[in-house]
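Data block below; observations after.
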Amino acid sequence: MMPNFNGAIAIAAFQKGETQATYGTAETLGANDQIPFISAELSGERSMSVPGIIDGVLGRQTSYHTGKNFSGPLLVPLFYESGIEDLIGLALGFENANDDAQGGSPHNYAAGVYKHLYEIDNILSRQTWAAGDDRLTSGAGGGTWVAADQKVRSFTLGFAKSVSDTRYLETMINSLTLAGDTEGCTASFDLVSKDEARGDYSSSSWSLRSALLNNYDSLIVKPTQLTASISGTPVYVSRWEVVLNNNLNVDGRTVDDQTILEPMRNDFAMIEFTLEIPRYTADTYLDKKDSGNPEYISLEFLGPQIGATGYYYRLGIFLPQIDYLDIAEPNVSGPGPTNLVIKGKCFREAPTDVPAAWLAANSQLNNVTLIKNGPMIVMFQNARSGNILEEY
Amino acid sequence: MSTFNGVLSKLGIGEESTHGAAVAATEMLRLINESISPEIARVSSPILDGTVAQREDRRGNKTVAGGFTVEPDYDNIDKIFEACFGAAAAGVYDFTNTENISLSIWIEKTVSRFRALGAKVDSFTLSGAAGENWMLEVNVKAKDSDRVATAFASISLTSSEPWAYDSSKIRLAALGAAIDDDDQIYMSDIAIAVTHGLDDGQYHSNSDNPLEHLKANFREVKISGNIARYDTDQYATWEAAETQLQMDVTIPGAGSNNALFQFPIVKLTTIPIVPVAGPGPAPIPVEFLAYVNASRNSDMAAVTNEMKLTITT
């Protein structure tokens with residue numbers, strides 16, 4: 001009997017592109033590559049040419065394919081460790097790959113405890129990895145890279161759909177939305193892929209990372225674990241959202257190839273956020289809007305202890321410079337209460353430093369040297385030891 | 001710590017002597033809801049300097065606009081109708097070719113008081129429907145806004161009554177004889193909309209607030225609604241012939257309370273086609289545009305503009 005697709009038993013998996021692979025190389029999916037997800041709506045668009053040939057007949061004579069695009073959203077729950085944190089790192093594009101002793105990421109606090117800092121890279125397409133290019137000389141604190149290694153931010157993405165496996169080549173993240181409300185926290189990736197194929201890609205071998213197996217309760221990021229702050233002062237929100245838009249150019253193509261050229265940045269990286277405060281109780285934030293002073297925002301989640309190490313699973317989203325808060329006026333729409341919705345855009349005017357509190361010993365952004373001076377930093381503290389740019 | 005709760009809100013207005021200079025509220029209105037909001041424009045600087053991080057936006061010009069909906073009555077309306085019309089004298093409200101007054105609008109939001117300063121009425125609509133009270137929706141454009149801890153002025157609503165639609169009388173007739181009760185028409189709903197057409201805001205150096213909003217277009221007075229039952233083609237005949245008509249709307253209250261809207265010249269502006277929407281009776285949708293008298297209606301000689309409102313108590 002032919003299998004029927006059932007979304008409830010679908011499987012998703014991804015494998016980052018190998019550091020020496022050329023664009024267009026398919027990676028093999030297997031053990032530890034599976035990630036939990038909520039929905040995936042990637043679709044394909046076919047462009048074709050239907051020439052208007054005048055040959056005495058009114059009907060169309062022919063058409064032919066000229067290109068294909070694959071894109072769409074992938075929605076996942078947020079975990080402290082599941083593999084999804086790698087996707088978040090790839091969306092931003094950079095993790096300091098120097099040795100831990102030289103301020104590289106991850107920082108190893110204790111056996112089985114690692115802190116990763118992800119920063120926004122200027123380039124998301126393949127980049128060479130020369131000495132001086134954000135890392136020290138190989139073997140002298142810069143790790144063990146070789147000249148042929150590249151920074152690769154694309155990945156092979158697969159879905160097992162019972163009828164067949166679907167594989168998307170060279171998938172990149174055009175935008176990332178991290179969001180949460182009183183019900184849960186999610187990451188939504190707006191993806192673009194070079195190509196798609198269906199077949200048998202050994203999805204029976206795809207498996208979740210061992211850390212996540214039987215450990216969902218501890219590793220899922222819960223709304224009650226959030227501490228949100230504006231310029232160091234806690235703010236109590238009912239909803240939050242941070243959107244990173246990489247603004248990739250996704251439709252470059254040559255005449256001999258129906259698939260797209262490797263996407264590259266087409267505009268500045270735009271980061272915008274929304275915080276919703278359920279009750280209007282003070283003019284604090286409206287006064288901040290009027291003053292126009294720069295602010296900084298952190299959204300930090302504190303999870304359970306990592307084993308018996310005395311260290312805890314953590315996730316942090318840091319926005320070091322918001323030029324001014326933009327808040328909708330709390331209008332009187334009826335007899336009930338009203339909320340405050342705070343929005344803003346994130347910038348980074350060099351040499352603006354991150355707030356000193358974030359660099360305090362063993363706290364949020366300490367122990368890893370930040371290199372990119374970017375408008376958004378994401379921190380994961382978990383039991384995962386690898387650097388996303390070095391791993392294959 | 002106080003928490004905003006709409007049930008404790010109130011709205012008051014005061015006439016400014018200097019545009020944009022805050023004054024205390026002297027008249028409280030019967031607030032239903034409001035949407036006056038300040039917006040600050042962003043001026044972006046997309047310079048290229050070798051990094052993917054964009055340079056800061058700059059705060060640009062400030063716009064304060066929006067509206068509020070109130071229930072008109074016979075006693076708490078003098079200043080708001082003067083702001084809407086332009087001229088007010090002993091309960092008579094009329095249009096003027098000069099600029100209307102500026103208001104300081106105070107809105108109680110429990111946490112603080114929101115103020116729109118230098119607010120001028122851009123448009124207003126009086127609407128009524130069967131089974132409901134009349135509503136007045138006012139849209140303003142203002143020079144600035146702020147929030148103050150200052151207590152709301154100790155004003156309160158004077159005891160009065162809302163305008164009841166079901167006791168209102170609407171009359172429509174051709175010119176040539178004074179309008180009377182034989183000319184009554186029965187409308188299930190009506191909206192009297194006045195647009196002054198203020199400019200969108202002229203900004204200049206050394207300020208992010210606009211200059212005083214001025215009248216920038218012809219005034220438009222439009223009356224629209226539905227005749228309750230399609231039982232005559234008279235409206236279609238008038239529309240086809242571009243017949244000049246006269247109209248008034250009377251809203252009587254208890255005792256000597258009365259509001260009278262007079263329109264010396266109106267013409268139908270849409271063809272009153274009655275749709276067959278189902279098996280029941282159907283209304284006639286109508287829309288009129290009002291015109292200045294220009295001595296065409298001697299029976300409403302005292303009404304020189306498109307519309308005049310007279311309130312007695």
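Just so we're on the same page: first chain in the structure tokens is A, next is B, and so on; residues restart at 1 for each chain, and ligands are numbered from 1 in the order they show up.
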At most 8 Å to chain A: residues in chain B, only C-alpha atoms, as a JSON list (two decimals) with C-alpha atoms, in the first residue's frame:
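iface33.json was written with the following content:
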```
[["chain", "number", "residue", "atom", "x", "y", "z"],
["B", 1, "MET", "CA", 1.08, 52.86, 40.67],
["B", 2, "SER", "CA", -1.95, 53.78, 38.61],
["B", 3, "THR", "CA", -3.20, 51.72, 35.74],
["B", 4, "PHE", "CA", -4.93, 53.11, 32.72],
["B", 5, "ASN", "CA", -8.54, 52.08, 32.59],
["B", 6, "GLY", "CA", -10.77, 53.52, 29.89],
["B", 7, "VAL", "CA", -13.76, 53.63, 32.19],
["B", 8, "LEU", "CA", -12.03, 56.47, 34.10],
["B", 9, "SER", "CA", -11.22, 58.49, 30.99],
["B", 32, "ILE", "CA", -17.05, 57.58, 23.52],
["B", 33, "ASN", "CA", -13.55, 56.93, 22.17],
["B", 34, "GLU", "CA", -10.50, 58.73, 20.80],
["B", 35, "SER", "CA", -7.56, 58.08, 18.50],
["B", 36, "ILE", "CA", -5.36, 61.19, 18.66],
["B", 37, "SER", "CA", -1.78, 60.01, 18.28],
["B", 38, "PRO", "CA", 1.61, 61.65, 17.87],
["B", 51, "THR", "CA", 29.71, 47.50, 7.46],
["B", 52, "VAL", "CA", 26.37, 45.79, 7.30],
["B", 53, "ALA", "CA", 25.09, 47.65, 10.35],
["B", 54, "GLN", "CA", 23.05, 50.66, 9.35],
["B", 55, "ARG", "CA", 23.78, 54.04, 10.88],
["B", 56, "GLU", "CA", 21.15, 55.49, 13.16],
["B", 57, "ASP", "CA", 17.95, 56.99, 11.93],
["B", 58, "ARG", "CA", 17.30, 60.52, 13.07],
["B", 59, "ARG", "CA", 14.08, 61.76, 14.61],
["B", 109, "LYS", "CA", -5.53, 58.48, 30.94],
["B", 111, "VAL", "CA", -1.34, 57.50, 34.46],
["B", 112, "SER", "CA", -1.21, 61.07, 33.17]]
```
Pull the closest atom pair for each residue of range 65-181 of chain B that gets at most 10 Å from range 264-276 of chain B, along with the distance in Å to one decimal, counting only C-alpha atoms, ordering rows by chain and then ascending residue number, as a tab-separated table.
```
residue	atom	partner	partner_atom	distance
B:Leu172	CA	B:Val266	CA	9.2
B:Ala173	CA	B:Val266	CA	9.7
B:Ala174	CA	B:Ile265	CA	9.3
B:Leu175	CA	B:Ile265	CA	8.4
```
Write down as number ranges by chain the residues of range 3-164 of chain A whose backbone DSSP state falls under strand (DSSP E or B). A: 11-16, 34-35, 39-40, 43-49, 64-77, 79, 93-94, 107-110, 113-120, 127-128, 150-151, 155-160
Picked from range 94-289 of chain B by DSSP as alpha helix (DSSP H), as a compact mmCIF listing (two decimals) with N, CA and C atoms, in the first residue's frame:
```
# COMPACT_ATOMS: atom_id res chain seq x y z
N GLN B 234 -39.31 59.92 -6.58
CA GLN B 234 -39.10 61.37 -6.56
C GLN B 234 -37.61 61.71 -6.51
N TYR B 235 -36.82 60.93 -5.74
CA TYR B 235 -35.40 61.25 -5.60
C TYR B 235 -34.68 61.07 -6.93
N ALA B 236 -35.04 60.03 -7.64
CA ALA B 236 -34.43 59.80 -8.95
C ALA B 236 -34.80 60.94 -9.91
N THR B 237 -36.02 61.41 -9.82
CA THR B 237 -36.46 62.52 -10.67
C THR B 237 -35.68 63.78 -10.33
N TRP B 238 -35.54 64.06 -9.05
CA TRP B 238 -34.78 65.25 -8.64
C TRP B 238 -33.33 65.15 -9.08
N GLU B 239 -32.76 63.97 -8.93
CA GLU B 239 -31.34 63.80 -9.28
C GLU B 239 -31.14 64.01 -10.77
N ALA B 240 -32.01 63.43 -11.56
CA ALA B 240 -31.86 63.55 -13.02
C ALA B 240 -31.99 64.99 -13.47
N ALA B 241 -32.87 65.74 -12.81
CA ALA B 241 -33.11 67.13 -13.19
C ALA B 241 -32.18 68.11 -12.48
```
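For the set A:Ala360, A:Leu92, A:Ala97, A:Ile377, the residue with the smallest atom-to-atom gap to Asn245 in chain A is A:Leu92, counting only C-alpha atoms.
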Can you list, as JSON, numbers by chain, every protein, DNA or RNA residue that comes within 12 Å of Pro36 in chain A when you count only C-alpha atoms, leaving out same-chain residues fewer than 3 positions away? {"A": [8, 9, 10, 11, 12, 13, 14, 32, 33, 39, 40, 74, 75, 76, 77, 78, 79, 81, 82, 83, 84, 85, 159, 186, 187, 206, 207, 208, 209, 212, 213, 216, 219, 220]}
Keeping N, CA and C atoms, export the residues of the selection given above as a CSV table (one decimal), in the first residue's frame.
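Result saved to again.csv:
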```
chain,number,residue,atom,x,y,z
A,8,ALA,N,2.1,14.9,11.1
A,8,ALA,CA,2.5,14.6,12.5
A,8,ALA,C,3.7,13.7,12.6
A,9,ILE,N,4.0,13.0,11.6
A,9,ILE,CA,5.2,12.1,11.6
A,9,ILE,C,6.3,12.5,10.7
A,10,ALA,N,6.2,13.8,10.2
A,10,ALA,CA,7.2,14.3,9.3
A,10,ALA,C,8.5,14.5,10.1
A,11,ILE,N,9.6,14.5,9.5
A,11,ILE,CA,10.9,14.7,10.1
A,11,ILE,C,11.6,15.8,9.3
A,12,ALA,N,12.3,16.7,10.1
A,12,ALA,CA,13.1,17.7,9.4
A,12,ALA,C,14.6,17.5,9.9
A,13,ALA,N,15.5,17.8,9.0
A,13,ALA,CA,16.9,17.7,9.4
A,13,ALA,C,17.7,18.7,8.6
A,14,PHE,N,18.9,19.1,9.1
A,14,PHE,CA,19.7,19.9,8.3
A,14,PHE,C,21.2,19.6,8.6
A,32,ASN,N,21.9,12.8,14.3
A,32,ASN,CA,22.1,14.1,15.0
A,32,ASN,C,21.7,15.3,14.2
A,33,ASP,N,21.2,15.1,13.0
A,33,ASP,CA,20.8,16.2,12.1
A,33,ASP,C,19.4,16.6,12.2
A,39,SER,N,6.1,23.9,11.7
A,39,SER,CA,5.6,23.9,10.4
A,39,SER,C,6.7,24.3,9.4
A,40,ALA,N,6.5,23.8,8.2
A,40,ALA,CA,7.5,24.2,7.1
A,40,ALA,C,6.7,24.4,5.8
A,74,LEU,N,10.1,28.3,7.8
A,74,LEU,CA,10.2,27.2,8.7
A,74,LEU,C,10.0,27.7,10.2
A,75,LEU,N,9.0,27.2,10.8
A,75,LEU,CA,8.7,27.6,12.2
A,75,LEU,C,9.1,26.5,13.2
A,76,VAL,N,9.9,26.9,14.2
A,76,VAL,CA,10.4,25.9,15.2
A,76,VAL,C,10.2,26.4,16.6
A,77,PRO,N,10.0,25.5,17.5
A,77,PRO,CA,10.0,26.0,18.9
A,77,PRO,C,11.5,26.3,19.3
A,78,LEU,N,11.6,27.2,20.3
A,78,LEU,CA,13.0,27.5,20.8
A,78,LEU,C,13.4,26.5,21.9
A,79,PHE,N,14.6,26.0,21.7
A,79,PHE,CA,15.2,25.2,22.7
A,79,PHE,C,16.6,25.7,23.1
A,81,GLU,N,19.1,23.8,23.5
A,81,GLU,CA,20.0,23.0,22.7
A,81,GLU,C,19.2,21.9,22.0
A,82,SER,N,19.3,22.0,20.6
A,82,SER,CA,18.5,21.1,19.8
A,82,SER,C,19.0,21.0,18.4
A,83,GLY,N,20.0,21.9,18.1
A,83,GLY,CA,20.4,22.1,16.7
A,83,GLY,C,19.8,23.4,16.1
A,84,ILE,N,18.7,23.8,16.6
A,84,ILE,CA,18.1,25.0,16.1
A,84,ILE,C,19.0,26.2,16.5
A,85,GLU,N,19.7,26.1,17.5
A,85,GLU,CA,20.6,27.2,17.9
A,85,GLU,C,21.7,27.4,16.8
A,159,PHE,N,13.3,17.0,4.5
A,159,PHE,CA,12.1,16.7,5.2
A,159,PHE,C,11.7,15.2,4.8
A,186,THR,N,9.2,31.0,19.9
A,186,THR,CA,9.5,30.3,18.6
A,186,THR,C,10.6,31.1,17.8
A,187,ALA,N,11.1,30.4,16.8
A,187,ALA,CA,12.0,31.0,15.8
A,187,ALA,C,11.4,30.7,14.5
A,206,TRP,N,18.0,9.7,10.1
A,206,TRP,CA,18.0,11.1,10.7
A,206,TRP,C,17.6,10.9,12.1
A,207,SER,N,18.3,11.6,13.0
A,207,SER,CA,17.9,11.5,14.5
A,207,SER,C,18.2,12.8,15.2
A,208,LEU,N,17.5,13.0,16.3
A,208,LEU,CA,17.7,14.1,17.1
A,208,LEU,C,19.0,14.1,17.8
A,209,ARG,N,19.5,15.2,18.2
A,209,ARG,CA,20.7,15.2,19.0
A,209,ARG,C,20.5,14.5,20.3
A,212,LEU,N,18.8,16.3,23.3
A,212,LEU,CA,17.4,16.6,23.3
A,212,LEU,C,16.5,15.4,23.6
A,213,LEU,N,17.0,14.2,23.2
A,213,LEU,CA,16.3,13.0,23.5
A,213,LEU,C,15.9,12.8,25.0
A,216,TYR,N,13.2,17.0,26.6
A,216,TYR,CA,12.4,18.1,26.1
A,216,TYR,C,12.0,19.1,27.2
A,219,LEU,N,14.9,21.3,28.1
A,219,LEU,CA,15.6,22.1,27.1
A,219,LEU,C,14.6,23.1,26.3
A,220,ILE,N,13.3,22.9,26.5
A,220,ILE,CA,12.5,23.8,25.8
A,220,ILE,C,12.5,25.2,26.5
```
Which residues come within 6 Å of range 92-101 of chain B, counting only C-alpha atoms, excluding same-chain residues fewer than 2 positions away, as a ChimeraX atom specification? /B:83,85-90,308-310
Write out as a CSV table (one decimal) with all heavy atoms, in the first residue's frame which residues come within 9 Å of range 226-234 of chain A when counting only C-alpha atoms, dropping same-chain ones fewer than 4 positions away.
```csv
chain,number,residue,atom,x,y,z
A,221,VAL,N,12.6,26.3,25.8
A,221,VAL,CA,12.6,27.6,26.3
A,221,VAL,C,11.1,28.0,26.7
A,221,VAL,O,10.3,28.0,25.8
A,221,VAL,CB,13.2,28.6,25.3
A,221,VAL,CG1,13.1,30.0,25.9
A,221,VAL,CG2,14.6,28.2,25.0
A,222,LYS,N,10.9,28.3,28.0
A,222,LYS,CA,9.6,28.6,28.5
A,222,LYS,C,9.4,30.1,28.7
A,222,LYS,O,10.4,30.8,29.1
A,222,LYS,CB,9.3,27.9,29.8
A,222,LYS,CG,9.5,26.3,29.7
A,222,LYS,CD,9.1,25.7,31.0
A,222,LYS,CE,9.2,24.2,30.9
A,222,LYS,NZ,10.5,23.6,31.1
A,294,PRO,N,19.3,57.1,23.1
A,294,PRO,CA,19.6,55.7,22.7
A,294,PRO,C,19.3,54.8,23.9
A,294,PRO,O,19.5,55.2,25.1
A,294,PRO,CB,21.0,55.7,22.4
A,294,PRO,CG,21.4,57.1,22.2
A,294,PRO,CD,20.5,57.9,23.0
A,295,GLU,N,18.8,53.6,23.7
A,295,GLU,CA,18.5,52.6,24.7
A,295,GLU,C,19.2,51.3,24.3
A,295,GLU,O,19.6,51.2,23.1
A,295,GLU,CB,17.0,52.4,24.9
A,295,GLU,CG,16.2,53.7,25.1
A,295,GLU,CD,16.3,54.3,26.4
A,295,GLU,OE1,16.8,53.6,27.4
A,295,GLU,OE2,15.9,55.5,26.6
A,296,TYR,N,19.2,50.4,25.2
A,296,TYR,CA,19.7,49.0,24.8
A,296,TYR,C,18.7,48.0,25.5
A,296,TYR,O,18.1,48.3,26.5
A,296,TYR,CB,21.1,48.8,25.2
A,296,TYR,CG,21.5,49.0,26.7
A,296,TYR,CD1,21.4,48.0,27.6
A,296,TYR,CD2,21.9,50.3,27.1
A,296,TYR,CE1,21.8,48.2,29.0
A,296,TYR,CE2,22.2,50.5,28.4
A,296,TYR,CZ,22.1,49.5,29.4
A,296,TYR,OH,22.5,49.7,30.7
A,297,ILE,N,18.6,46.9,24.8
A,297,ILE,CA,17.6,45.9,25.2
A,297,ILE,C,18.2,44.6,25.4
A,297,ILE,O,19.0,44.2,24.5
A,297,ILE,CB,16.4,45.9,24.2
A,297,ILE,CG1,15.5,47.2,24.4
A,297,ILE,CG2,15.5,44.7,24.4
A,297,ILE,CD1,14.4,47.3,23.4
A,298,SER,N,17.8,43.8,26.4
A,298,SER,CA,18.2,42.4,26.5
A,298,SER,C,17.0,41.6,26.8
A,298,SER,O,16.1,42.0,27.5
A,298,SER,CB,19.3,42.2,27.6
A,298,SER,OG,18.8,42.6,28.8
A,299,LEU,N,16.9,40.4,26.2
A,299,LEU,CA,15.9,39.4,26.4
A,299,LEU,C,16.7,38.2,26.9
A,299,LEU,O,17.3,37.6,26.0
A,299,LEU,CB,15.1,39.2,25.2
A,299,LEU,CG,14.3,40.4,24.6
A,299,LEU,CD1,13.9,40.1,23.2
A,299,LEU,CD2,13.1,40.7,25.5
A,300,GLU,N,16.6,37.8,28.1
A,300,GLU,CA,17.4,36.7,28.6
A,300,GLU,C,16.5,35.6,29.3
A,300,GLU,O,15.7,35.9,30.1
A,300,GLU,CB,18.4,37.2,29.7
A,300,GLU,CG,19.4,38.2,29.1
A,300,GLU,CD,20.3,38.7,30.2
A,300,GLU,OE1,21.2,37.9,30.6
A,300,GLU,OE2,20.3,39.9,30.5
A,301,PHE,N,16.8,34.4,28.8
A,301,PHE,CA,16.1,33.3,29.4
A,301,PHE,C,17.0,32.4,30.2
A,301,PHE,O,18.2,32.2,29.8
A,301,PHE,CB,15.5,32.4,28.2
A,301,PHE,CG,14.5,33.1,27.4
A,301,PHE,CD1,14.8,33.9,26.3
A,301,PHE,CD2,13.2,32.9,27.7
A,301,PHE,CE1,13.9,34.6,25.6
A,301,PHE,CE2,12.2,33.5,26.9
A,301,PHE,CZ,12.5,34.4,25.9
A,302,LEU,N,16.6,32.0,31.4
A,302,LEU,CA,17.4,31.2,32.3
A,302,LEU,C,16.7,29.9,32.4
A,302,LEU,O,15.6,29.8,33.0
A,302,LEU,CB,17.5,31.9,33.6
A,302,LEU,CG,18.4,31.2,34.7
A,302,LEU,CD1,19.8,31.1,34.2
A,302,LEU,CD2,18.3,31.9,36.0
A,355,PRO,N,26.9,47.5,26.7
A,355,PRO,CA,26.8,48.0,28.0
A,355,PRO,C,27.8,47.3,28.9
A,355,PRO,O,27.9,46.0,28.8
A,355,PRO,CB,25.4,47.8,28.4
A,355,PRO,CG,24.6,47.8,27.1
A,355,PRO,CD,25.6,47.2,26.1
A,357,ALA,N,27.5,46.3,31.9
A,357,ALA,CA,26.8,45.2,32.7
A,357,ALA,C,26.8,43.9,31.9
A,357,ALA,O,26.9,42.8,32.5
A,357,ALA,CB,25.4,45.6,33.0
```
